[in-house]
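Shown here: structure_8.cif, mmCIF, C-alpha atoms.
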data_target
#
loop_
_atom_site.label_atom_id
_atom_site.label_comp_id
_atom_site.auth_asym_id
_atom_site.auth_seq_id
_atom_site.Cartn_x
_atom_site.Cartn_y
_atom_site.Cartn_z
CA MET A 277 -13.53 -4.86 -4.73
CA SER A 278 -17.17 -3.87 -4.77
CA GLU A 279 -19.08 -4.26 -8.00
CA CYS A 280 -19.68 -0.53 -8.10
CA CYS A 281 -15.99 0.17 -8.19
CA ALA A 282 -14.26 0.22 -11.54
CA SER A 283 -10.50 -0.10 -11.66
CA ASN A 284 -10.17 3.62 -12.32
CA ASP A 285 -12.16 4.68 -9.27
CA THR A 286 -10.47 7.27 -7.15
CA THR A 287 -9.22 6.30 -3.73
CA LEU A 288 -7.66 9.10 -1.74
CA LEU A 289 -5.37 8.32 1.19
CA PHE A 290 -5.07 10.75 4.09
CA ALA A 291 -2.59 10.18 6.89
CA CYS A 292 -1.62 11.69 10.18
CA SER A 293 1.90 13.08 10.07
CA GLY A 294 2.34 14.34 13.63
CA GLY A 295 5.23 14.22 16.04
CA SER A 296 5.22 10.60 17.14
CA ASN A 297 6.18 7.18 15.89
CA VAL A 298 2.56 6.20 15.19
CA ALA A 299 1.98 9.36 13.17
CA GLN A 300 4.99 8.72 10.99
CA ILE A 301 4.03 5.06 10.63
CA ALA A 302 0.64 6.29 9.36
CA ASN A 303 2.36 8.61 6.92
CA ASP A 304 4.76 5.94 5.67
CA ALA A 305 1.92 3.44 5.27
CA ALA A 306 -0.01 5.92 3.12
CA LYS A 307 3.11 6.57 1.02
CA ALA A 308 3.62 2.85 0.53
CA LEU A 309 -0.01 2.29 -0.43
CA ASP A 310 0.22 5.15 -2.91
CA GLN A 311 3.37 3.75 -4.48
CA LEU A 312 1.84 0.30 -4.66
CA GLY A 313 -1.15 1.65 -6.56
CA GLN A 314 -3.74 1.23 -3.81
CA GLY A 315 -4.77 4.88 -3.91
CA ARG A 316 -3.45 8.40 -4.15
CA MET A 317 -2.06 10.17 -1.13
CA TYR A 318 -3.62 13.57 -0.61
CA CYS A 319 -3.17 16.49 1.78
CA ALA A 320 -5.07 15.78 4.99
CA VAL A 321 -4.19 19.12 6.53
CA GLY A 322 -5.72 20.95 3.57
CA VAL A 323 -9.03 19.19 4.23
CA VAL A 324 -8.87 19.66 7.99
CA ALA A 325 -8.14 23.37 7.40
CA ARG A 326 -11.28 23.37 5.24
CA PHE A 327 -9.66 24.90 2.19
CA PRO A 328 -12.50 24.69 -0.36
CA GLY A 329 -10.43 23.11 -3.16
CA PHE A 330 -9.13 20.37 -0.88
CA VAL A 331 -12.56 19.64 0.56
CA GLU A 332 -14.07 19.51 -2.92
CA THR A 333 -11.41 17.12 -4.22
CA ALA A 334 -11.81 14.89 -1.18
CA ASN A 335 -15.57 14.77 -1.55
CA LYS A 336 -15.31 13.84 -5.24
CA ALA A 337 -13.29 10.71 -4.51
CA ASP A 338 -14.99 7.33 -4.66
CA LYS A 339 -13.24 6.18 -1.50
CA ARG A 340 -11.61 8.19 1.25
CA VAL A 341 -9.18 6.45 3.58
CA LEU A 342 -8.03 7.94 6.87
CA ILE A 343 -5.03 6.65 8.78
CA ASP A 344 -5.04 8.22 12.23
CA GLY A 345 -2.00 7.73 14.41
CA CYS A 346 -3.64 7.52 17.81
CA GLU A 347 -6.83 7.72 19.80
CA VAL A 348 -6.84 11.53 19.66
CA GLN A 349 -8.23 10.96 16.13
CA CYS A 350 -7.36 14.37 14.74
CA LEU A 351 -8.15 13.36 11.18
CA LYS A 352 -11.48 11.77 12.01
CA LYS A 353 -12.60 14.86 13.91
CA GLY A 354 -11.19 17.22 11.30
CA PHE A 355 -12.92 15.44 8.45
CA GLU A 356 -16.20 15.41 10.35
CA ALA A 357 -15.88 19.15 10.91
CA ALA A 358 -15.12 19.66 7.23
CA GLY A 359 -18.15 17.60 6.20
CA VAL A 360 -16.13 14.95 4.41
CA PRO A 361 -17.37 11.38 4.98
CA VAL A 362 -14.84 8.61 5.36
CA CYS A 363 -15.07 5.09 3.96
CA VAL A 364 -12.11 3.33 5.55
CA ARG A 365 -10.39 4.33 8.76
CA VAL A 366 -7.49 2.74 10.56
CA VAL A 367 -5.94 3.90 13.83
CA VAL A 368 -2.33 2.82 14.23
CA THR A 369 -2.51 2.37 18.01
CA ASP A 370 -5.57 0.10 17.56
CA LEU A 371 -3.24 -2.35 15.85
CA GLY A 372 -1.20 -2.79 19.01
CA ILE A 373 1.54 -0.31 18.20
CA GLU A 374 2.33 1.82 21.21
CA LYS A 375 2.60 5.58 20.78
CA GLY A 376 5.82 7.27 21.73
CA HIS A 377 7.54 10.53 21.06
CA HIS A 378 10.30 8.94 19.04
CA PHE A 379 10.80 7.86 15.45
CA ASP A 380 12.19 4.39 15.98
CA TYR A 381 9.83 2.18 14.08
CA THR A 382 10.15 -0.74 11.75
CA GLN A 383 9.19 -1.60 8.21
CA ASP A 384 7.08 -4.41 9.64
CA GLU A 385 5.01 -1.88 11.62
CA VAL A 386 4.45 0.19 8.48
CA ALA A 387 3.51 -3.00 6.62
CA LYS A 388 1.05 -3.97 9.35
CA VAL A 389 -0.81 -0.66 9.00
CA ALA A 390 -0.76 -0.70 5.20
CA GLY A 391 -1.99 -4.28 5.26
CA ALA A 392 -4.89 -3.36 7.53
CA VAL A 393 -5.90 -0.56 5.18
CA SER A 394 -5.59 -2.79 2.14
CA LYS A 395 -7.77 -5.48 3.71
CA GLN A 396 -10.48 -2.95 4.57
CA LEU A 397 -10.32 -1.42 1.11
CA GLY A 398 -10.93 -4.83 -0.39
CA VAL A 399 -14.27 -5.22 1.36
CA THR A 400 -15.47 -1.64 1.37
CA PRO A 401 -17.89 -0.54 -1.33
CA CYS A 402 -17.54 2.85 -2.93
CA CYS A 403 -18.67 5.70 -0.74
CA GLY A 404 -19.65 7.65 -3.79
CA GLY A 405 -18.32 11.00 -4.88
CA SER A 406 -20.37 14.14 -4.53
CA MET B 89 15.88 -22.11 -4.50
CA THR B 90 12.76 -20.01 -4.01
CA ILE B 91 11.70 -17.35 -6.48
CA GLN B 92 9.12 -14.88 -5.26
CA ILE B 93 7.09 -12.60 -7.50
CA LEU B 94 5.87 -9.60 -5.53
CA GLY B 95 2.84 -7.80 -6.87
CA THR B 96 -0.89 -7.44 -6.48
CA GLY B 97 -1.79 -9.42 -9.58
CA CYS B 98 -1.30 -6.80 -12.26
CA ALA B 99 -0.50 -7.66 -15.88
CA LYS B 100 3.19 -6.87 -15.35
CA CYS B 101 3.27 -9.22 -12.36
CA LYS B 102 1.93 -12.02 -14.54
CA THR B 103 4.51 -11.29 -17.23
CA LEU B 104 7.27 -11.35 -14.64
CA HIS B 105 6.00 -14.68 -13.33
CA ALA B 106 6.01 -16.13 -16.84
CA ASN B 107 9.52 -14.79 -17.51
CA ALA B 108 10.78 -16.26 -14.24
CA GLU B 109 9.29 -19.64 -15.08
CA ALA B 110 10.95 -19.53 -18.51
CA ALA B 111 14.26 -18.58 -16.87
CA VAL B 112 14.09 -21.52 -14.46
CA LYS B 113 13.35 -23.88 -17.32
CA ALA B 114 16.20 -22.47 -19.43
CA ALA B 115 18.61 -22.71 -16.51
CA GLY B 116 17.63 -26.33 -15.91
CA ILE B 117 17.34 -25.90 -12.19
CA HIS B 118 14.70 -26.72 -9.62
CA ALA B 119 13.05 -23.70 -8.02
CA VAL B 120 9.89 -23.10 -6.06
CA MET B 121 7.83 -20.29 -7.55
CA GLU B 122 5.84 -18.23 -5.08
CA LYS B 123 3.44 -15.31 -5.59
CA VAL B 124 3.41 -12.66 -2.87
CA GLU B 125 0.26 -10.64 -3.41
CA ASP B 126 -0.49 -9.43 0.12
CA ILE B 127 0.35 -5.74 0.55
CA GLN B 128 1.61 -6.28 4.09
CA GLU B 129 4.01 -8.99 2.98
CA ILE B 130 5.20 -6.95 -0.01
CA ILE B 131 6.04 -3.95 2.18
CA LYS B 132 7.86 -6.22 4.65
CA PHE B 133 10.33 -6.86 1.83
CA GLY B 134 10.89 -3.10 1.68
CA VAL B 135 9.33 -3.05 -1.77
CA MET B 136 7.34 0.08 -2.67
CA MET B 137 7.04 -0.50 -6.40
CA THR B 138 5.74 -3.57 -8.13
CA PRO B 139 6.31 -5.93 -9.72
CA ALA B 140 9.37 -7.11 -7.86
CA LEU B 141 11.42 -10.28 -7.91
CA ALA B 142 13.11 -11.90 -4.94
CA ILE B 143 15.41 -14.89 -5.03
CA ASP B 144 15.76 -16.82 -1.79
CA GLY B 145 14.20 -13.91 0.08
CA LYS B 146 16.53 -11.28 -1.35
CA VAL B 147 14.97 -8.62 -3.57
CA GLN B 148 16.70 -8.48 -6.94
CA VAL B 149 14.43 -6.36 -9.12
CA VAL B 150 11.91 -3.66 -8.24
CA GLY B 151 9.40 -1.87 -10.43
CA LYS B 152 10.26 -3.45 -13.76
CA VAL B 153 9.95 -6.67 -15.72
CA PRO B 154 13.29 -8.23 -16.59
CA SER B 155 13.42 -10.63 -19.54
CA ALA B 156 13.70 -14.38 -19.01
CA ASP B 157 17.33 -14.15 -20.10
CA GLU B 158 18.08 -11.44 -17.52
CA ILE B 159 16.46 -13.53 -14.79
CA ARG B 160 18.37 -16.63 -15.90
CA ARG B 161 21.64 -14.73 -15.36
CA MET B 162 20.47 -13.83 -11.83
CA LEU B 163 19.92 -17.52 -11.12
CA ALA B 164 23.46 -18.49 -12.10
#
Represent the structure from my file as structure tokens, please.
Amino acid sequence: MSECCASNDTTLLFACSGGSNVAQIANDAAKALDQLGQGRMYCAVGVVARFPGFVETANKADKRVLIDGCEVQCLKKGFEAAGVPVCVRVVVTDLGIEKGHHFDYTQDEVAKVAGAVSKQLGVTPCCGGS
Amino acid sequence: MTIQILGTGCAKCKTLHANAEAAVKAAGIHAVMEKVEDIQEIIKFGVMMTPALAIDGKVQVVGKVPSADEIRRMLA
């Protein structure tokens, strides 16, 4: 962890939760990371919809993590539009997991995504809260 | 026998490791102690709360720290 980050720094996790396997893998990975104490899962749609309270909370975090499901990158584009910078971003399909309109996925695939996020978090300095 | 302590290095994980070592000693058996600290590997076990304890790859305890005596009974 970066020297600027104390153990109580806020890391918010935002995940795609769309209608495909990769979206639900993203969502499950964020849930797992939350439960394992790597950050706190927060409402991505609230930020993308630009609700002021959600945008404010997101901007106050020390680190913001986006897990997009696929190359459409809805979260990345939505956060850019909302003016919320992102520190760590992982795209599930970039990890070699093929998108499909089904929900047959494995714990290993969820673990792969969560592991990729965790590794990036470990080398990413704080983005700074506003 | 392999005993795996799953956790990212928190204080409870260290206590669990110490309790497991004490349990192995009390049971008078030979066991390989292994720390699993990688998030990806932890989730592969299906574990979402740490610390957790697995014996020979099978998760026995999740999200709490059993005493050395409790672990010793699991080893029997």
So how many Å separate CA of Asn303 (chain A) and CA of Asn335 (chain A), to one decimal?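 These two atoms are separated by 20.8 Å.
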Would you mind listing, as a PyMOL selection string, all residues of chain B that have at least one atom within 10 Å of chain A, where only C-alpha atoms are what counts? chain B and resi 95-96+126-139+151
Could you name the residues that touch Lys100 (chain B) at 7 Å or less, counting all atoms listed in the file, but leaving out those on the same chain fewer than 2 positions away, as a list in words?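 Those residues are Cys98, Lys102, Thr103, Leu104, Pro139 and Val153 of chain B.
Comparing the minimum interatomic distances between Cys346 (chain A) and each of A:Met317, A:Val367, A:Val324, A:Ala306, counting only C-alpha atoms, we find that A:Val367 sits nearest.
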Could you give me, as a list in words, the residues within 8 Å of Leu289 (chain A), counting only C-alpha atoms and dropping anything in the same chain fewer than 6 positions from it?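 Here the qualifying residues turn out to be Ala306, Asp310, Gly315, Arg316, Met317, Tyr318, Arg340, Val341, Leu342 and Ile343 of chain A.
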Prev. selection, C-alpha atoms, output as a PDB file, in the frame of the given file:
ATOM      1  CA  ALA A 306      -0.010   5.920   3.120  1.00  0.00           C
ATOM      2  CA  ASP A 310       0.220   5.150  -2.910  1.00  0.00           C
ATOM      3  CA  GLY A 315      -4.770   4.880  -3.910  1.00  0.00           C
ATOM      4  CA  ARG A 316      -3.450   8.400  -4.150  1.00  0.00           C
ATOM      5  CA  MET A 317      -2.060  10.170  -1.130  1.00  0.00           C
ATOM      6  CA  TYR A 318      -3.620  13.570  -0.610  1.00  0.00           C
ATOM      7  CA  ARG A 340     -11.610   8.190   1.250  1.00  0.00           C
ATOM      8  CA  VAL A 341      -9.180   6.450   3.580  1.00  0.00           C
ATOM      9  CA  LEU A 342      -8.030   7.940   6.870  1.00  0.00           C
ATOM     10  CA  ILE A 343      -5.030   6.650   8.780  1.00  0.00           C
TER      11      ILE A 343
END
A:Glu356, A:Asp304, A:Glu332, A:Asp344: which is nearest Phe379 (chain A), counting all atoms listed in the file?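 Answer, going by the shortest atom-to-atom distance: A:Asp304.
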Identify, on the basis of only C-alpha atoms, every residue whose closest approach to Met121 (chain B) does not exceed 12 Å; exclude the query and any residue fewer than 4 positions from it along the same chain; express the result as a ChimeraX atom specification. /B:89-94,104-113,117,141-145
Could you please take those selected residues and save C-alpha atoms as a short mmCIF file (atom, residue, chain, number, x, y, z; two decimals), in the frame of the given file?
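part.cif, written as the output of this step:
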data_model
loop_
_atom_site.label_atom_id
_atom_site.label_comp_id
_atom_site.auth_asym_id
_atom_site.auth_seq_id
_atom_site.Cartn_x
_atom_site.Cartn_y
_atom_site.Cartn_z
CA MET B 89 15.88 -22.11 -4.50
CA THR B 90 12.76 -20.01 -4.01
CA ILE B 91 11.70 -17.35 -6.48
CA GLN B 92 9.12 -14.88 -5.26
CA ILE B 93 7.09 -12.60 -7.50
CA LEU B 94 5.87 -9.60 -5.53
CA LEU B 104 7.27 -11.35 -14.64
CA HIS B 105 6.00 -14.68 -13.33
CA ALA B 106 6.01 -16.13 -16.84
CA ASN B 107 9.52 -14.79 -17.51
CA ALA B 108 10.78 -16.26 -14.24
CA GLU B 109 9.29 -19.64 -15.08
CA ALA B 110 10.95 -19.53 -18.51
CA ALA B 111 14.26 -18.58 -16.87
CA VAL B 112 14.09 -21.52 -14.46
CA LYS B 113 13.35 -23.88 -17.32
CA ILE B 117 17.34 -25.90 -12.19
CA LEU B 141 11.42 -10.28 -7.91
CA ALA B 142 13.11 -11.90 -4.94
CA ILE B 143 15.41 -14.89 -5.03
CA ASP B 144 15.76 -16.82 -1.79
CA GLY B 145 14.20 -13.91 0.08
#
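The interatomic distance for the pair CA of Phe290 (chain A) and CA of Gly345 (chain A) works out to 11.2 Å.
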Could you tell me how far CA of Leu163 (chain B) lies from CA of Val124 (chain B), in Å and to one decimal?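 Taking CA of Leu163 (chain B) and CA of Val124 (chain B), their separation equals 19.1 Å.
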Given the file shown, enumerate the residues that the PyMOL selection byres ((chain A and resi 298) around 9) captures and present them as a VMD selection string. chain A and resid 292 to 297 299 to 303 344 to 346 367 to 369 373 to 377 379 381
Env of Gly322 (chain A): 12 Å cut, atoms = only C-alpha atoms, seq-sep filter 6 positions within chain, self excluded. Answer as a list in words.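 Returned residues: Phe290, Ala291, Pro328, Gly329, Phe330, Val331, Glu332, Thr333, Ala334, Leu351, Gly354, Phe355 and Ala358 of chain A.
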Subset file: region 131-151 of chain B, C-alpha atoms, as a PDB file, in the first residue's frame:
ATOM      1  CA  ILE B 131     -11.941 -16.717  -3.044  1.00  0.00           C
ATOM      2  CA  LYS B 132     -11.201 -19.930  -4.956  1.00  0.00           C
ATOM      3  CA  PHE B 133     -11.880 -21.727  -1.682  1.00  0.00           C
ATOM      4  CA  GLY B 134     -15.310 -20.075  -1.668  1.00  0.00           C
ATOM      5  CA  VAL B 135     -14.300 -18.104   1.402  1.00  0.00           C
ATOM      6  CA  MET B 136     -15.754 -14.592   1.687  1.00  0.00           C
ATOM      7  CA  MET B 137     -14.914 -13.929   5.320  1.00  0.00           C
ATOM      8  CA  THR B 138     -11.548 -14.237   6.966  1.00  0.00           C
ATOM      9  CA  PRO B 139      -9.816 -15.680   8.788  1.00  0.00           C
ATOM     10  CA  ALA B 140     -10.622 -19.179   7.639  1.00  0.00           C
ATOM     11  CA  LEU B 141      -9.118 -22.576   8.291  1.00  0.00           C
ATOM     12  CA  ALA B 142      -8.870 -25.428   5.817  1.00  0.00           C
ATOM     13  CA  ILE B 143      -7.641 -28.922   6.552  1.00  0.00           C
ATOM     14  CA  ASP B 144      -6.406 -30.907   3.566  1.00  0.00           C
ATOM     15  CA  GLY B 145      -8.067 -28.405   1.252  1.00  0.00           C
ATOM     16  CA  LYS B 146     -11.464 -28.563   2.922  1.00  0.00           C
ATOM     17  CA  VAL B 147     -12.698 -25.394   4.620  1.00  0.00           C
ATOM     18  CA  GLN B 148     -13.586 -26.059   8.250  1.00  0.00           C
ATOM     19  CA  VAL B 149     -13.985 -22.618   9.796  1.00  0.00           C
ATOM     20  CA  VAL B 150     -14.879 -19.258   8.273  1.00  0.00           C
ATOM     21  CA  GLY B 151     -14.864 -15.809   9.821  1.00  0.00           C
TER      22      GLY B 151
END
